[in-house]
>>> print(open('start39.pdb').read())   # PDB, C-alpha atoms
MODEL        1
ATOM      1  CA  MET A   1       0.000   0.000   0.000  1.00  0.00           C
ATOM      2  CA  VAL A   2       2.775   2.449   0.858  1.00  0.00           C
ATOM      3  CA  GLN A   3       4.531   1.896  -2.476  1.00  0.00           C
ATOM      4  CA  TYR A   4       1.231   2.312  -4.327  1.00  0.00           C
ATOM      5  CA  ALA A   5       0.489   5.466  -2.304  1.00  0.00           C
ATOM      6  CA  HIS A   6       3.655   7.093  -3.679  1.00  0.00           C
ATOM      7  CA  TYR A   7       1.833   7.272  -7.039  1.00  0.00           C
ATOM      8  CA  HIS A   8      -1.371   8.658  -5.504  1.00  0.00           C
ATOM      9  CA  ARG A   9      -0.837  11.844  -3.472  1.00  0.00           C
ATOM     10  CA  ASP A  10      -3.100  14.230  -5.434  1.00  0.00           C
ATOM     11  CA  ARG A  11      -6.688  14.404  -4.150  1.00  0.00           C
ATOM     12  CA  ARG A  12      -8.054  14.622  -7.711  1.00  0.00           C
ATOM     13  CA  ASN A  13      -6.226  11.441  -8.679  1.00  0.00           C
ATOM     14  CA  ILE A  14      -7.544   9.633  -5.617  1.00  0.00           C
ATOM     15  CA  ALA A  15     -11.069  10.868  -6.400  1.00  0.00           C
ATOM     16  CA  THR A  16     -10.882   9.510  -9.957  1.00  0.00           C
ATOM     17  CA  HIS A  17      -9.738   6.176  -8.548  1.00  0.00           C
ATOM     18  CA  PHE A  18     -12.895   5.980  -6.415  1.00  0.00           C
ATOM     19  CA  VAL A  19     -14.812   5.804  -9.699  1.00  0.00           C
ATOM     20  CA  GLY A  20     -12.353   4.151 -12.079  1.00  0.00           C
ATOM     21  CA  ILE A  21     -11.204   1.187 -10.014  1.00  0.00           C
ATOM     22  CA  PRO A  22     -14.681  -0.050  -9.062  1.00  0.00           C
ATOM     23  CA  LEU A  23     -15.776   0.351 -12.699  1.00  0.00           C
ATOM     24  CA  ILE A  24     -12.811  -1.727 -13.867  1.00  0.00           C
ATOM     25  CA  PHE A  25     -13.485  -4.460 -11.295  1.00  0.00           C
ATOM     26  CA  LEU A  26     -17.193  -4.421 -12.215  1.00  0.00           C
ATOM     27  CA  ALA A  27     -16.278  -4.645 -15.908  1.00  0.00           C
ATOM     28  CA  ILE A  28     -14.057  -7.656 -15.312  1.00  0.00           C
ATOM     29  CA  GLY A  29     -16.922  -9.238 -13.383  1.00  0.00           C
ATOM     30  CA  VAL A  30     -19.270  -8.667 -16.330  1.00  0.00           C
ATOM     31  CA  LEU A  31     -16.739 -10.107 -18.772  1.00  0.00           C
ATOM     32  CA  LEU A  32     -16.156 -13.181 -16.596  1.00  0.00           C
ATOM     33  CA  ALA A  33     -19.813 -13.818 -15.665  1.00  0.00           C
ATOM     34  CA  SER A  34     -20.057 -16.725 -18.066  1.00  0.00           C
ATOM     35  CA  PRO A  35     -19.878 -19.602 -18.477  1.00  0.00           C
ATOM     36  CA  VAL A  36     -21.921 -20.684 -15.477  1.00  0.00           C
ATOM     37  CA  TRP A  37     -21.123 -23.998 -13.807  1.00  0.00           C
ATOM     38  CA  PRO A  38     -23.683 -25.369 -11.355  1.00  0.00           C
ATOM     39  CA  VAL A  39     -21.759 -26.615  -8.316  1.00  0.00           C
ATOM     40  CA  ALA A  40     -23.738 -27.937  -5.336  1.00  0.00           C
ATOM     41  CA  GLY A  41     -26.705 -25.768  -6.235  1.00  0.00           C
ATOM     42  CA  VAL A  42     -24.573 -22.620  -6.628  1.00  0.00           C
ATOM     43  CA  ALA A  43     -23.930 -20.861  -9.946  1.00  0.00           C
ATOM     44  CA  LEU A  44     -20.131 -20.697 -10.150  1.00  0.00           C
ATOM     45  CA  THR A  45     -18.560 -18.458 -12.798  1.00  0.00           C
ATOM     46  CA  PRO A  46     -15.019 -17.357 -13.661  1.00  0.00           C
ATOM     47  CA  ALA A  47     -15.906 -14.011 -12.037  1.00  0.00           C
ATOM     48  CA  TRP A  48     -16.577 -15.699  -8.690  1.00  0.00           C
ATOM     49  CA  LEU A  49     -13.370 -17.727  -9.037  1.00  0.00           C
ATOM     50  CA  MET A  50     -11.418 -14.502  -9.652  1.00  0.00           C
ATOM     51  CA  TRP A  51     -13.071 -12.946  -6.602  1.00  0.00           C
ATOM     52  CA  GLY A  52     -12.108 -15.952  -4.458  1.00  0.00           C
ATOM     53  CA  ILE A  53      -8.485 -15.920  -5.588  1.00  0.00           C
ATOM     54  CA  THR A  54      -8.103 -12.165  -5.123  1.00  0.00           C
ATOM     55  CA  SER A  55      -9.816 -12.361  -1.728  1.00  0.00           C
ATOM     56  CA  VAL A  56      -7.238 -14.879  -0.533  1.00  0.00           C
ATOM     57  CA  TRP A  57      -4.517 -12.468  -1.695  1.00  0.00           C
ATOM     58  CA  TYR A  58      -6.133  -9.463   0.062  1.00  0.00           C
ATOM     59  CA  LEU A  59      -6.632 -11.400   3.286  1.00  0.00           C
ATOM     60  CA  SER A  60      -2.979 -12.500   3.288  1.00  0.00           C
ATOM     61  CA  ARG A  61      -1.436  -9.009   3.074  1.00  0.00           C
ATOM     62  CA  GLY A  62      -1.063  -8.510   6.831  1.00  0.00           C
ATOM     63  CA  GLN A  63      -3.905  -6.000   7.262  1.00  0.00           C
ATOM     64  CA  TRP A  64      -6.765  -8.369   8.025  1.00  0.00           C
ATOM     65  CA  LEU A  65      -9.467  -5.688   8.368  1.00  0.00           C
ATOM     66  CA  LEU A  66      -8.414  -4.030   5.110  1.00  0.00           C
ATOM     67  CA  GLY A  67      -8.332  -7.405   3.341  1.00  0.00           C
ATOM     68  CA  LEU A  68     -11.800  -8.248   4.620  1.00  0.00           C
ATOM     69  CA  GLY A  69     -13.176  -4.858   3.596  1.00  0.00           C
ATOM     70  CA  THR A  70     -11.670  -5.143   0.114  1.00  0.00           C
ATOM     71  CA  SER A  71     -12.988  -8.682  -0.327  1.00  0.00           C
ATOM     72  CA  LEU A  72     -16.487  -7.618   0.725  1.00  0.00           C
ATOM     73  CA  VAL A  73     -16.563  -4.595  -1.589  1.00  0.00           C
ATOM     74  CA  ASN A  74     -15.266  -6.673  -4.492  1.00  0.00           C
ATOM     75  CA  GLY A  75     -17.846  -9.366  -3.730  1.00  0.00           C
ATOM     76  CA  VAL A  76     -20.603  -6.758  -3.992  1.00  0.00           C
ATOM     77  CA  LEU A  77     -19.178  -5.614  -7.343  1.00  0.00           C
ATOM     78  CA  ILE A  78     -19.109  -9.195  -8.672  1.00  0.00           C
ATOM     79  CA  ALA A  79     -22.679  -9.783  -7.495  1.00  0.00           C
ATOM     80  CA  LEU A  80     -23.679  -6.516  -9.192  1.00  0.00           C
ATOM     81  CA  ALA A  81     -21.938  -7.619 -12.394  1.00  0.00           C
ATOM     82  CA  HIS A  82     -24.012 -10.796 -12.459  1.00  0.00           C
ATOM     83  CA  HIS A  83     -27.174  -8.867 -11.656  1.00  0.00           C
ATOM     84  CA  LEU A  84     -26.503  -6.319 -14.427  1.00  0.00           C
ATOM     85  CA  LEU A  85     -26.592  -9.122 -16.946  1.00  0.00           C
ATOM     86  CA  THR A  86     -30.214  -9.869 -16.019  1.00  0.00           C
ATOM     87  CA  TRP A  87     -31.270  -6.361 -17.099  1.00  0.00           C
ATOM     88  CA  PRO A  88     -31.991  -5.310 -20.683  1.00  0.00           C
ATOM     89  CA  GLN A  89     -28.678  -4.025 -21.997  1.00  0.00           C
ATOM     90  CA  PRO A  90     -28.531  -0.343 -22.984  1.00  0.00           C
ATOM     91  CA  TRP A  91     -28.585   0.359 -26.720  1.00  0.00           C
ATOM     92  CA  GLY A  92     -28.931  -3.375 -27.399  1.00  0.00           C
ATOM     93  CA  MET A  93     -25.377  -4.100 -26.231  1.00  0.00           C
ATOM     94  CA  ALA A  94     -24.167  -7.646 -25.788  1.00  0.00           C
ATOM     95  CA  ALA A  95     -22.820  -8.483 -22.335  1.00  0.00           C
ATOM     96  CA  TRP A  96     -19.234  -8.404 -23.573  1.00  0.00           C
ATOM     97  CA  GLN A  97     -19.797  -4.945 -25.054  1.00  0.00           C
ATOM     98  CA  LEU A  98     -21.120  -3.675 -21.730  1.00  0.00           C
ATOM     99  CA  GLY A  99     -18.055  -5.125 -20.010  1.00  0.00           C
ATOM    100  CA  VAL A 100     -15.677  -3.514 -22.502  1.00  0.00           C
ATOM    101  CA  ALA A 101     -17.487  -0.154 -22.231  1.00  0.00           C
ATOM    102  CA  LEU A 102     -17.259  -0.173 -18.410  1.00  0.00           C
ATOM    103  CA  PHE A 103     -13.595  -1.211 -18.635  1.00  0.00           C
ATOM    104  CA  VAL A 104     -12.698   1.626 -21.031  1.00  0.00           C
ATOM    105  CA  ILE A 105     -14.609   4.211 -18.967  1.00  0.00           C
ATOM    106  CA  GLY A 106     -12.915   2.989 -15.788  1.00  0.00           C
ATOM    107  CA  TRP A 107      -9.457   3.287 -17.339  1.00  0.00           C
ATOM    108  CA  ALA A 108     -10.297   6.739 -18.716  1.00  0.00           C
ATOM    109  CA  PHE A 109     -10.930   7.863 -15.127  1.00  0.00           C
ATOM    110  CA  GLN A 110      -7.623   6.304 -14.076  1.00  0.00           C
ATOM    111  CA  PHE A 111      -5.590   8.075 -16.735  1.00  0.00           C
ATOM    112  CA  ILE A 112      -7.301  11.409 -16.096  1.00  0.00           C
ATOM    113  CA  GLY A 113      -6.353  11.039 -12.449  1.00  0.00           C
ATOM    114  CA  HIS A 114      -2.745  10.324 -13.302  1.00  0.00           C
ATOM    115  CA  TYR A 115      -2.697  13.366 -15.566  1.00  0.00           C
ATOM    116  CA  PHE A 116      -3.580  15.421 -12.451  1.00  0.00           C
ATOM    117  CA  GLU A 117      -0.980  13.519 -10.431  1.00  0.00           C
ATOM    118  CA  GLY A 118       1.726  14.043 -13.017  1.00  0.00           C
ATOM    119  CA  ARG A 119       2.930  10.457 -12.561  1.00  0.00           C
ATOM    120  CA  LYS A 120       2.417   7.228 -14.396  1.00  0.00           C
ATOM    121  CA  PRO A 121       0.140   4.562 -12.876  1.00  0.00           C
ATOM    122  CA  ALA A 122       1.781   2.329 -10.259  1.00  0.00           C
ATOM    123  CA  PHE A 123       1.223  -0.850 -12.297  1.00  0.00           C
ATOM    124  CA  VAL A 124       3.655   0.411 -14.945  1.00  0.00           C
ATOM    125  CA  ASP A 125       6.511  -0.199 -12.481  1.00  0.00           C
ATOM    126  CA  ASP A 126       4.935  -3.123 -10.614  1.00  0.00           C
ATOM    127  CA  ILE A 127       2.136  -5.238 -12.094  1.00  0.00           C
ATOM    128  CA  VAL A 128       0.945  -6.044  -8.550  1.00  0.00           C
ATOM    129  CA  GLY A 129      -0.398  -2.483  -8.553  1.00  0.00           C
ATOM    130  CA  LEU A 130      -3.371  -3.832 -10.491  1.00  0.00           C
ATOM    131  CA  LEU A 131      -4.326  -5.879  -7.416  1.00  0.00           C
ATOM    132  CA  VAL A 132      -3.439  -3.146  -4.949  1.00  0.00           C
ATOM    133  CA  GLY A 133      -5.746  -0.588  -6.609  1.00  0.00           C
ATOM    134  CA  PRO A 134      -9.014  -1.963  -5.164  1.00  0.00           C
ATOM    135  CA  MET A 135      -7.348  -2.323  -1.765  1.00  0.00           C
ATOM    136  CA  PHE A 136      -6.132   1.285  -1.963  1.00  0.00           C
ATOM    137  CA  VAL A 137      -9.633   2.610  -2.664  1.00  0.00           C
ATOM    138  CA  VAL A 138     -11.187   0.607   0.175  1.00  0.00           C
ATOM    139  CA  GLY A 139      -8.269   1.553   2.420  1.00  0.00           C
ATOM    140  CA  GLU A 140      -8.767   5.261   1.726  1.00  0.00           C
ATOM    141  CA  TRP A 141     -12.426   4.950   2.742  1.00  0.00           C
ATOM    142  CA  MET A 142     -11.564   2.966   5.847  1.00  0.00           C
ATOM    143  CA  MET A 143      -8.825   5.428   6.832  1.00  0.00           C
ATOM    144  CA  ALA A 144     -11.272   8.326   6.354  1.00  0.00           C
ATOM    145  CA  LEU A 145     -13.586   6.520   8.784  1.00  0.00           C
ATOM    146  CA  GLY A 146     -10.735   6.199  11.278  1.00  0.00           C
ATOM    147  CA  LEU A 147     -10.521   2.410  11.018  1.00  0.00           C
ATOM    148  CA  LEU A 148      -6.901   2.126   9.853  1.00  0.00           C
ATOM    149  CA  GLY A 149      -5.081   4.898  11.701  1.00  0.00           C
ATOM    150  CA  SER A 150      -1.742   3.099  11.872  1.00  0.00           C
ATOM    151  CA  LEU A 151      -1.790   2.511   8.106  1.00  0.00           C
ATOM    152  CA  ARG A 152      -2.592   6.206   7.488  1.00  0.00           C
ATOM    153  CA  ARG A 153       0.368   7.265   9.615  1.00  0.00           C
ATOM    154  CA  ALA A 154       2.712   4.841   7.818  1.00  0.00           C
ATOM    155  CA  ILE A 155       1.594   6.065   4.396  1.00  0.00           C
ATOM    156  CA  ASP A 156       1.879   9.747   5.338  1.00  0.00           C
ATOM    157  CA  ARG A 157       5.300   9.166   6.900  1.00  0.00           C
ATOM    158  CA  GLN A 158       6.717   7.308   3.888  1.00  0.00           C
ATOM    159  CA  ALA A 159       4.781   8.653   0.879  1.00  0.00           C
ATOM    160  CA  GLY A 160       3.951  12.120   2.175  1.00  0.00           C
ATOM    161  CA  PRO A 161       0.581  13.711   2.859  1.00  0.00           C
ATOM    162  CA  VAL A 162      -2.148  13.901   0.232  1.00  0.00           C
ATOM    163  CA  ARG A 163      -2.125  17.291  -1.499  1.00  0.00           C
TER     164      ARG A 163
ENDMDL
END
>>> encode(input="start39.pdb", output="structure tokens")
Amino acid sequence: MVQYAHYHRDRRNIATHFVGIPLIFLAIGVLLASPVWPVAGVALTPAWLMWGITSVWYLSRGQWLLGLGTSLVNGVLIALAHHLLTWPQPWGMAAWQLGVALFVIGWAFQFIGHYFEGRKPAFVDDIVGLLVGPMFVVGEWMMALGLLGSLRRAIDRQAGPVR
């Protein structure tokens, strides 16, 4: 988180990430919502498998509360992705087109934010940044609520305060 925070010190960049990162995760959920495999009465999809694998990663990062929060938020986004596919698609889009549209819009927000920041995205230097992004967004919310004070102090000490 601290390394990722070095790339995200501008409030405008952080604000764009609050929109862009959830849109990207939602888009991936839409794109991976099929095929559906019935397993013990549960509809298992590649999206739910991705959520499970990433949740294990988030929960193993040493900040249990942050990992749990990130896993829960991402689970809601995956459930929403599946639910979106039950609605009539706007403009007659196919599911994959909706997923691609959400993905492109999400990344547009990301790159606008990094224009404000004046720095490249963290994943350019470390691909793990793609996994850290959702955790960063949830962490920022949790720190704003006062739930991760020690993490806030570590980030501010090492990466500098948000400007």
>>> residues_near_point(input="start39.pdb", point="(-10.9, -16.0, -2.1)", cutoff="12 Å", atoms="all atoms listed in the file", output="JSON, numbers by chain")
{"A": [47, 48, 49, 50, 51, 52, 53, 54, 55, 56, 57, 58, 59, 60, 67, 68, 70, 71, 72, 74, 75]}
>>> residues_near_point(input="start39.pdb", point="(-25.1, -6.0, -12.3)", cutoff="12 Å", atoms="only C-alpha atoms", output="list in words")
Leu23, Phe25, Leu26, Ala27, Ile28, Gly29, Val30, Leu31, Ala33, Gly75, Val76, Leu77, Ile78, Ala79, Leu80, Ala81, His82, His83, Leu84, Leu85, Thr86, Trp87, Pro88, Gln89, Ala95, Leu98, Gly99 and Leu102 of chain A
>>> atom_distance(input="start39.pdb", atom1="CA of Val100 (chain A)", atom2="CA of Leu32 (chain A)")
11.3 Å
>>> atom_distance(input="start39.pdb", atom1="CA of Ile127 (chain A)", atom2="CA of Trp64 (chain A)")
22.2 Å
>>> atom_distance(input="start39.pdb", atom1="CA of Ile14 (chain A)", atom2="CA of Gly113 (chain A)")
7.1 Å
